[in-house]
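Visitor: Here you go, coords.txt (compact mmCIF, C-alpha atoms):
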# COMPACT_ATOMS: atom_id res chain seq x y z
CA GLU A 1 7.72 28.42 22.33
CA ILE A 2 4.06 27.55 21.74
CA ASN A 3 4.16 29.35 18.40
CA MET A 4 7.10 27.13 17.32
CA PHE A 5 5.22 24.04 18.53
CA GLU A 6 2.12 25.20 16.62
CA LYS A 7 4.19 25.62 13.43
CA PHE A 8 5.67 22.13 13.90
CA LEU A 9 2.22 20.58 14.36
CA LYS A 10 0.83 22.36 11.32
CA ARG A 11 3.85 21.45 9.17
CA SER A 12 3.70 17.78 10.13
CA SER A 13 -0.04 17.75 9.49
CA TRP A 14 0.50 19.22 6.01
CA VAL A 15 3.02 16.47 5.24
CA ASP A 16 0.48 13.91 6.43
CA MET A 17 -2.12 15.51 4.16
CA VAL A 18 0.17 15.20 1.13
CA VAL A 19 0.73 11.52 1.97
CA SER A 20 -3.04 11.06 2.27
CA MET A 21 -3.54 12.68 -1.14
CA VAL A 22 -1.09 10.17 -2.62
CA PHE A 23 -3.15 7.42 -0.99
CA VAL A 24 -6.34 8.90 -2.53
CA LEU A 25 -4.70 8.58 -5.96
CA PHE A 26 -3.42 5.08 -5.16
CA GLY A 27 -6.86 4.00 -3.90
CA LEU A 28 -8.55 5.33 -7.02
CA LEU A 29 -6.06 3.52 -9.25
CA LEU A 30 -6.64 0.28 -7.33
CA ILE A 31 -10.40 0.70 -7.78
CA VAL A 32 -10.20 1.46 -11.51
CA LYS A 33 -7.28 -0.80 -12.52
CA PRO A 34 -6.61 -3.25 -9.65
CA LEU A 35 -4.72 -6.00 -11.47
CA GLU A 36 -2.72 -3.55 -13.53
CA MET A 37 -1.74 -1.64 -10.36
CA MET A 38 -0.45 -4.77 -8.64
CA SER A 39 1.46 -5.72 -11.79
CA VAL A 40 2.96 -2.22 -12.02
CA ILE A 41 3.93 -2.28 -8.33
CA SER A 42 5.55 -5.70 -8.71
CA ILE A 43 7.43 -4.68 -11.86
CA LEU A 44 8.65 -1.42 -10.31
CA LEU A 45 9.75 -3.05 -7.04
CA GLY A 46 11.40 -5.95 -8.85
CA ALA A 47 13.25 -3.60 -11.21
CA VAL A 48 14.41 -1.39 -8.34
CA PHE A 49 15.87 -4.35 -6.43
CA ILE A 50 17.54 -5.76 -9.54
CA ILE A 51 19.07 -2.37 -10.39
CA ILE A 52 20.30 -1.92 -6.81
CA GLY A 53 21.79 -5.41 -6.97
CA PHE A 54 23.63 -4.74 -10.22
CA LEU A 55 24.92 -1.41 -8.92
CA LYS A 56 26.27 -3.17 -5.83
CA ILE A 57 27.91 -5.82 -8.04
CA VAL A 58 29.57 -3.07 -10.11
CA ASP A 59 30.60 -1.36 -6.86
CA TYR A 60 32.10 -4.63 -5.60
CA PHE A 61 34.17 -5.29 -8.72
CA THR A 62 35.30 -1.68 -9.18
CA SER A 63 36.31 -0.97 -5.59
CA LYS A 64 39.85 -1.56 -4.37
CA ASP A 65 38.68 -3.19 -1.16
CA LYS A 66 36.74 -6.32 -1.99
CA GLU A 67 34.11 -6.21 0.76
CA ASP A 68 32.21 -9.49 0.70
CA TYR A 69 29.08 -7.96 2.21
CA LEU A 70 28.64 -5.87 -0.98
CA LEU A 71 28.57 -8.97 -3.13
CA THR A 72 26.22 -10.73 -0.71
CA MET A 73 23.86 -7.74 -0.62
CA ALA A 74 23.99 -7.50 -4.41
CA LEU A 75 23.04 -11.14 -4.91
CA ILE A 76 20.27 -10.95 -2.31
CA SER A 77 18.91 -7.81 -3.96
CA VAL A 78 18.92 -9.35 -7.46
CA ILE A 79 17.29 -12.59 -6.24
CA PHE A 80 14.67 -10.62 -4.28
CA GLY A 81 14.00 -8.46 -7.35
CA VAL A 82 13.43 -11.50 -9.55
CA ILE A 83 11.10 -13.02 -6.93
CA VAL A 84 9.12 -9.76 -6.73
CA LEU A 85 8.88 -9.59 -10.52
CA PHE A 86 7.48 -13.09 -10.87
CA CYS A 87 5.49 -13.52 -7.64
CA SER A 88 3.08 -10.59 -7.59
CA ASP A 89 0.51 -12.66 -5.66
CA ILE A 90 2.92 -12.97 -2.72
CA ILE A 91 3.71 -9.26 -2.95
CA SER A 92 -0.01 -8.51 -2.94
CA GLY A 93 -0.41 -10.54 0.28
CA ILE A 94 2.52 -8.83 1.96
CA PHE A 95 1.24 -5.44 0.80
CA ARG A 96 -2.21 -6.25 2.22
CA ILE A 97 -0.71 -7.13 5.61
CA ILE A 98 1.46 -4.01 5.77
CA LEU A 99 -1.44 -1.84 4.63
CA GLY A 100 -3.80 -3.38 7.20
CA ILE A 101 -1.33 -2.83 10.04
CA TRP A 102 -0.69 0.74 8.91
CA ILE A 103 -4.41 1.56 8.71
CA ILE A 104 -4.98 0.07 12.18
CA ALA A 105 -2.05 2.04 13.61
CA SER A 106 -3.36 5.26 12.03
CA GLY A 107 -6.83 4.55 13.40
CA ILE A 108 -5.39 4.03 16.89
CA ARG A 109 -3.39 7.25 16.58
CA ASN A 110 -6.52 9.13 15.52
CA PHE A 111 -8.42 7.53 18.40
CA GLN A 112 -5.77 8.88 20.79
CA THR A 113 -6.14 12.31 19.15
CA SER A 114 -9.89 12.17 19.73
CA LEU A 115 -9.29 11.57 23.43
CA VAL A 116 -7.15 14.71 23.53
CA TRP A 117 -9.95 16.60 21.79
CA LYS A 118 -12.39 15.33 24.42
CA GLU A 119 -10.11 16.74 27.12
CA VAL A 120 -10.14 20.20 25.52
CA LYS A 121 -13.94 20.09 25.31
CA SER A 122 -14.08 19.95 21.51
CA GLY A 123 -17.34 18.82 19.97
CA LEU A 124 -15.38 17.15 17.19
CA TRP A 125 -14.12 14.34 19.37
CA THR A 126 -17.13 12.05 18.78
CA LEU A 127 -16.81 12.38 15.01
CA THR A 128 -13.11 11.62 15.27
CA VAL A 129 -13.83 8.54 17.42
CA VAL A 130 -16.23 7.25 14.75
CA PHE A 131 -13.68 7.85 11.98
CA ALA A 132 -10.93 6.21 14.04
CA MET A 133 -13.07 3.14 14.73
CA LEU A 134 -13.98 2.86 11.02
CA MET A 135 -10.28 3.02 10.15
CA ILE A 136 -9.43 0.32 12.69
CA ILE A 137 -12.23 -1.92 11.37
CA ALA A 138 -11.08 -1.30 7.77
CA GLY A 139 -7.53 -2.26 8.75
CA ILE A 140 -8.73 -5.48 10.37
CA VAL A 141 -10.81 -6.35 7.30
CA VAL A 142 -7.78 -5.81 5.06
CA LEU A 143 -5.70 -8.07 7.36
CA VAL A 144 -8.07 -11.02 7.76
CA SER A 145 -9.73 -11.23 4.38
CA ASP A 146 -7.48 -12.44 1.63
CA THR A 147 -10.52 -13.01 -0.59
CA LEU A 148 -11.36 -9.34 -0.89
CA ALA A 149 -10.80 -7.97 -4.35
CA LEU A 150 -8.08 -5.39 -4.80
CA GLN A 151 -10.85 -2.96 -5.66
CA ILE A 152 -12.22 -3.24 -2.13
CA VAL A 153 -8.73 -2.60 -0.79
CA GLY A 154 -8.68 0.46 -3.06
CA VAL A 155 -12.00 1.65 -1.61
CA ILE A 156 -10.67 1.16 1.92
CA ILE A 157 -7.49 3.09 1.08
CA LEU A 158 -9.60 5.85 -0.47
CA ILE A 159 -11.91 6.06 2.56
CA TYR A 160 -8.93 6.03 4.92
CA ALA A 161 -7.15 8.77 2.99
CA ILE A 162 -10.24 10.99 2.81
CA LEU A 163 -10.93 10.54 6.52
CA ASP A 164 -7.31 11.29 7.31
CA LEU A 165 -7.43 14.43 5.14
CA ILE A 166 -10.56 15.62 6.98
CA THR A 167 -9.00 14.88 10.38
CA ARG A 168 -5.76 16.68 9.48
CA ALA A 169 -7.58 19.70 8.02
CA VAL A 170 -9.70 20.06 11.15
CA PHE A 171 -6.60 19.66 13.33
CA ILE A 172 -4.67 22.32 11.40
CA LYS A 173 -7.63 24.68 11.69
CA LYS A 174 -8.10 24.05 15.43
CA VAL A 175 -4.50 23.60 16.64
CA LYS A 176 -4.17 27.22 17.78
CA ASN A 177 -7.36 26.96 19.85
CA TYR A 178 -6.04 23.86 21.60
CA LEU A 179 -2.68 25.39 22.39
CA ASP A 180 -4.24 28.61 23.72
CA ASP A 181 -6.38 26.79 26.31
What would the structure in this file look like if it were written as structure tokens?
Guide:
Amino acid sequence: EINMFEKFLKRSSWVDMVVSMVFVLFGLLLIVKPLEMMSVISILLGAVFIIIGFLKIVDYFTSKDKEDYLLTMALISVIFGVIVLFCSDIISGIFRIILGIWIIASGIRNFQTSLVWKEVKSGLWTLTVVFAMLMIIAGIVVLVSDTLALQIVGVIILIYAILDLITRAVFIKKVKNYLDD
């Protein structure tokens, strides 16, 4: 039973590491090409919503049962897609808020992990507390400062992702020790 739990913890940590690697790439791209990245994100999101909207419109007109919610969802999707395409500043603000909340939540989760490590007498818990606090502070900075350049957001994402990779790698390496105690 513990072996299965250990495998689950390791597998979920590997998935988290892959996500963190994607964030490393995203952070680097925001640092190197911040305005282009926000434009690309806006264009991609806008195009996706417009395509979904048109597919729902086609679905509405080709289906035997004319379900009004399909047409409503299609129109909302197309309108939202057009807004996203032409209002990248708003998207950037929303993205910043979501990113800030996510970084804070991850920092809190890592803080909770550090408390578990303290309980199992691991010397790593103080380092994890420091990393968790830095993540929480970075998340707050992202939330409250709309004047920060996208490059700084990229640096914060990069730092977060690297810290998360380190935390996950240490956890994967030490998980067996924790479960054996």
Visitor: Quick one: residues within 10 Å of A:Ala138, only C-alpha atoms counted, chain neighbours fewer than 2 positions away excluded, as a list in words?
Guide: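 In the requested form, the answer reads Gly100, Ile103, Ile104, Gly107, Ala132, Met133, Leu134, Met135, Ile136, Ile140, Val141, Val142, Leu143, Val153, Val155, Ile156, Ile157, Ile159 and Tyr160 of chain A.
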Visitor: Using all atoms listed in the file, which residue out of A:Arg96, A:Trp14, A:Ala105, A:Glu119 lies closest to A:Val144?
Guide: A:Arg96
Visitor: Measure the distance from atom CA of A:Pro34 to atom CA of A:Val19 in Å and round it to one decimal.
Guide: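 One can read the atom CA of A:Pro34 to atom CA of A:Val19 distance as 20.2 Å.
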Visitor: Just to confirm, what's the straight-line distance from atom CA of A:Asp68 to atom CA of A:Leu44 in Å (one decimal)?
Guide: 27.2 Å
Visitor: Got a sec: who's within 8 Å of A:Asp164, counting only C-alpha atoms, leaving out chain neighbours fewer than 3 positions off, as a PyMOL selection string?
Guide: chain A and resi 17+20+160-161+167-168
Visitor: Pick the closest to A:Ile76 from A:Tyr60, A:Phe49, A:Trp102, A:Phe95: which is it, counting only C-alpha atoms?
Guide: A:Phe49
Visitor: One decimal, in Å: what's the spacing between atom CA of A:Leu124 and atom CA of A:Lys174?
Guide: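 About the pair atom CA of A:Leu124 and atom CA of A:Lys174: they are 10.2 Å apart.
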Visitor: Between A:Val170, A:Leu71, A:Leu165, A:Ile101, which has the minimum distance to A:Gly139 (counting all atoms listed in the file)?
Guide: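 Nearest to A:Gly139: A:Ile101.
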Visitor: Find the residue from A:Ile162, A:Ile57, A:Met38, A:Leu115 that sits nearest to A:Leu85; use only C-alpha atoms when measuring.
Guide: A:Met38
Visitor: Pick out the closest residue to A:Leu25 from this set: A:Ile52, A:Met4, A:Gly154, A:Val120. Count all atoms listed in the file.
Guide: A:Gly154
Visitor: Using all atoms listed in the file, which of A:Leu28, A:Val15, A:Ala47, A:Ile172 sits nearest A:Ile79?
Guide: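 Result for the nearest residue to A:Ile79: A:Ala47.
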Visitor: Need a file for stretch 50-62 of chain A from that block: N, CA, C and O atoms, written as a compact mmCIF listing (two decimals), in the first residue's frame.
Guide:
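part-v2.txt was written with the following content:
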# COMPACT_ATOMS: atom_id res chain seq x y z
N ILE A 50 -12.83 31.99 -31.28
CA ILE A 50 -13.57 32.22 -32.52
C ILE A 50 -13.84 30.90 -33.24
O ILE A 50 -14.95 30.64 -33.70
N ILE A 51 -12.82 30.04 -33.31
CA ILE A 51 -12.99 28.73 -33.95
C ILE A 51 -14.04 27.90 -33.22
O ILE A 51 -14.92 27.29 -33.85
N ILE A 52 -13.95 27.88 -31.89
CA ILE A 52 -14.95 27.14 -31.11
C ILE A 52 -16.35 27.69 -31.39
O ILE A 52 -17.31 26.93 -31.57
N GLY A 53 -16.46 29.01 -31.46
CA GLY A 53 -17.75 29.64 -31.74
C GLY A 53 -18.30 29.23 -33.11
O GLY A 53 -19.47 28.87 -33.23
N PHE A 54 -17.45 29.27 -34.12
CA PHE A 54 -17.90 28.89 -35.46
C PHE A 54 -18.27 27.41 -35.53
O PHE A 54 -19.24 27.04 -36.19
N LEU A 55 -17.52 26.57 -34.84
CA LEU A 55 -17.85 25.14 -34.81
C LEU A 55 -19.21 24.91 -34.14
O LEU A 55 -20.00 24.07 -34.59
N LYS A 56 -19.48 25.67 -33.09
CA LYS A 56 -20.78 25.54 -32.42
C LYS A 56 -21.91 26.07 -33.31
O LYS A 56 -23.01 25.53 -33.30
N ILE A 57 -21.64 27.11 -34.10
CA ILE A 57 -22.64 27.62 -35.03
C ILE A 57 -22.94 26.56 -36.09
O ILE A 57 -24.11 26.29 -36.41
N VAL A 58 -21.89 25.95 -36.64
CA VAL A 58 -22.07 24.88 -37.62
C VAL A 58 -22.84 23.73 -36.99
O VAL A 58 -23.77 23.18 -37.60
N ASP A 59 -22.48 23.38 -35.76
CA ASP A 59 -23.18 22.31 -35.03
C ASP A 59 -24.66 22.64 -34.87
O ASP A 59 -25.54 21.79 -35.05
N TYR A 60 -24.94 23.90 -34.56
CA TYR A 60 -26.34 24.33 -34.36
C TYR A 60 -27.14 24.17 -35.66
O TYR A 60 -28.24 23.62 -35.66
N PHE A 61 -26.59 24.66 -36.77
CA PHE A 61 -27.34 24.65 -38.02
C PHE A 61 -27.38 23.27 -38.69
O PHE A 61 -28.24 23.01 -39.53
N THR A 62 -26.46 22.38 -38.34
CA THR A 62 -26.46 21.05 -38.95
C THR A 62 -27.15 19.99 -38.10
O THR A 62 -27.40 18.89 -38.58
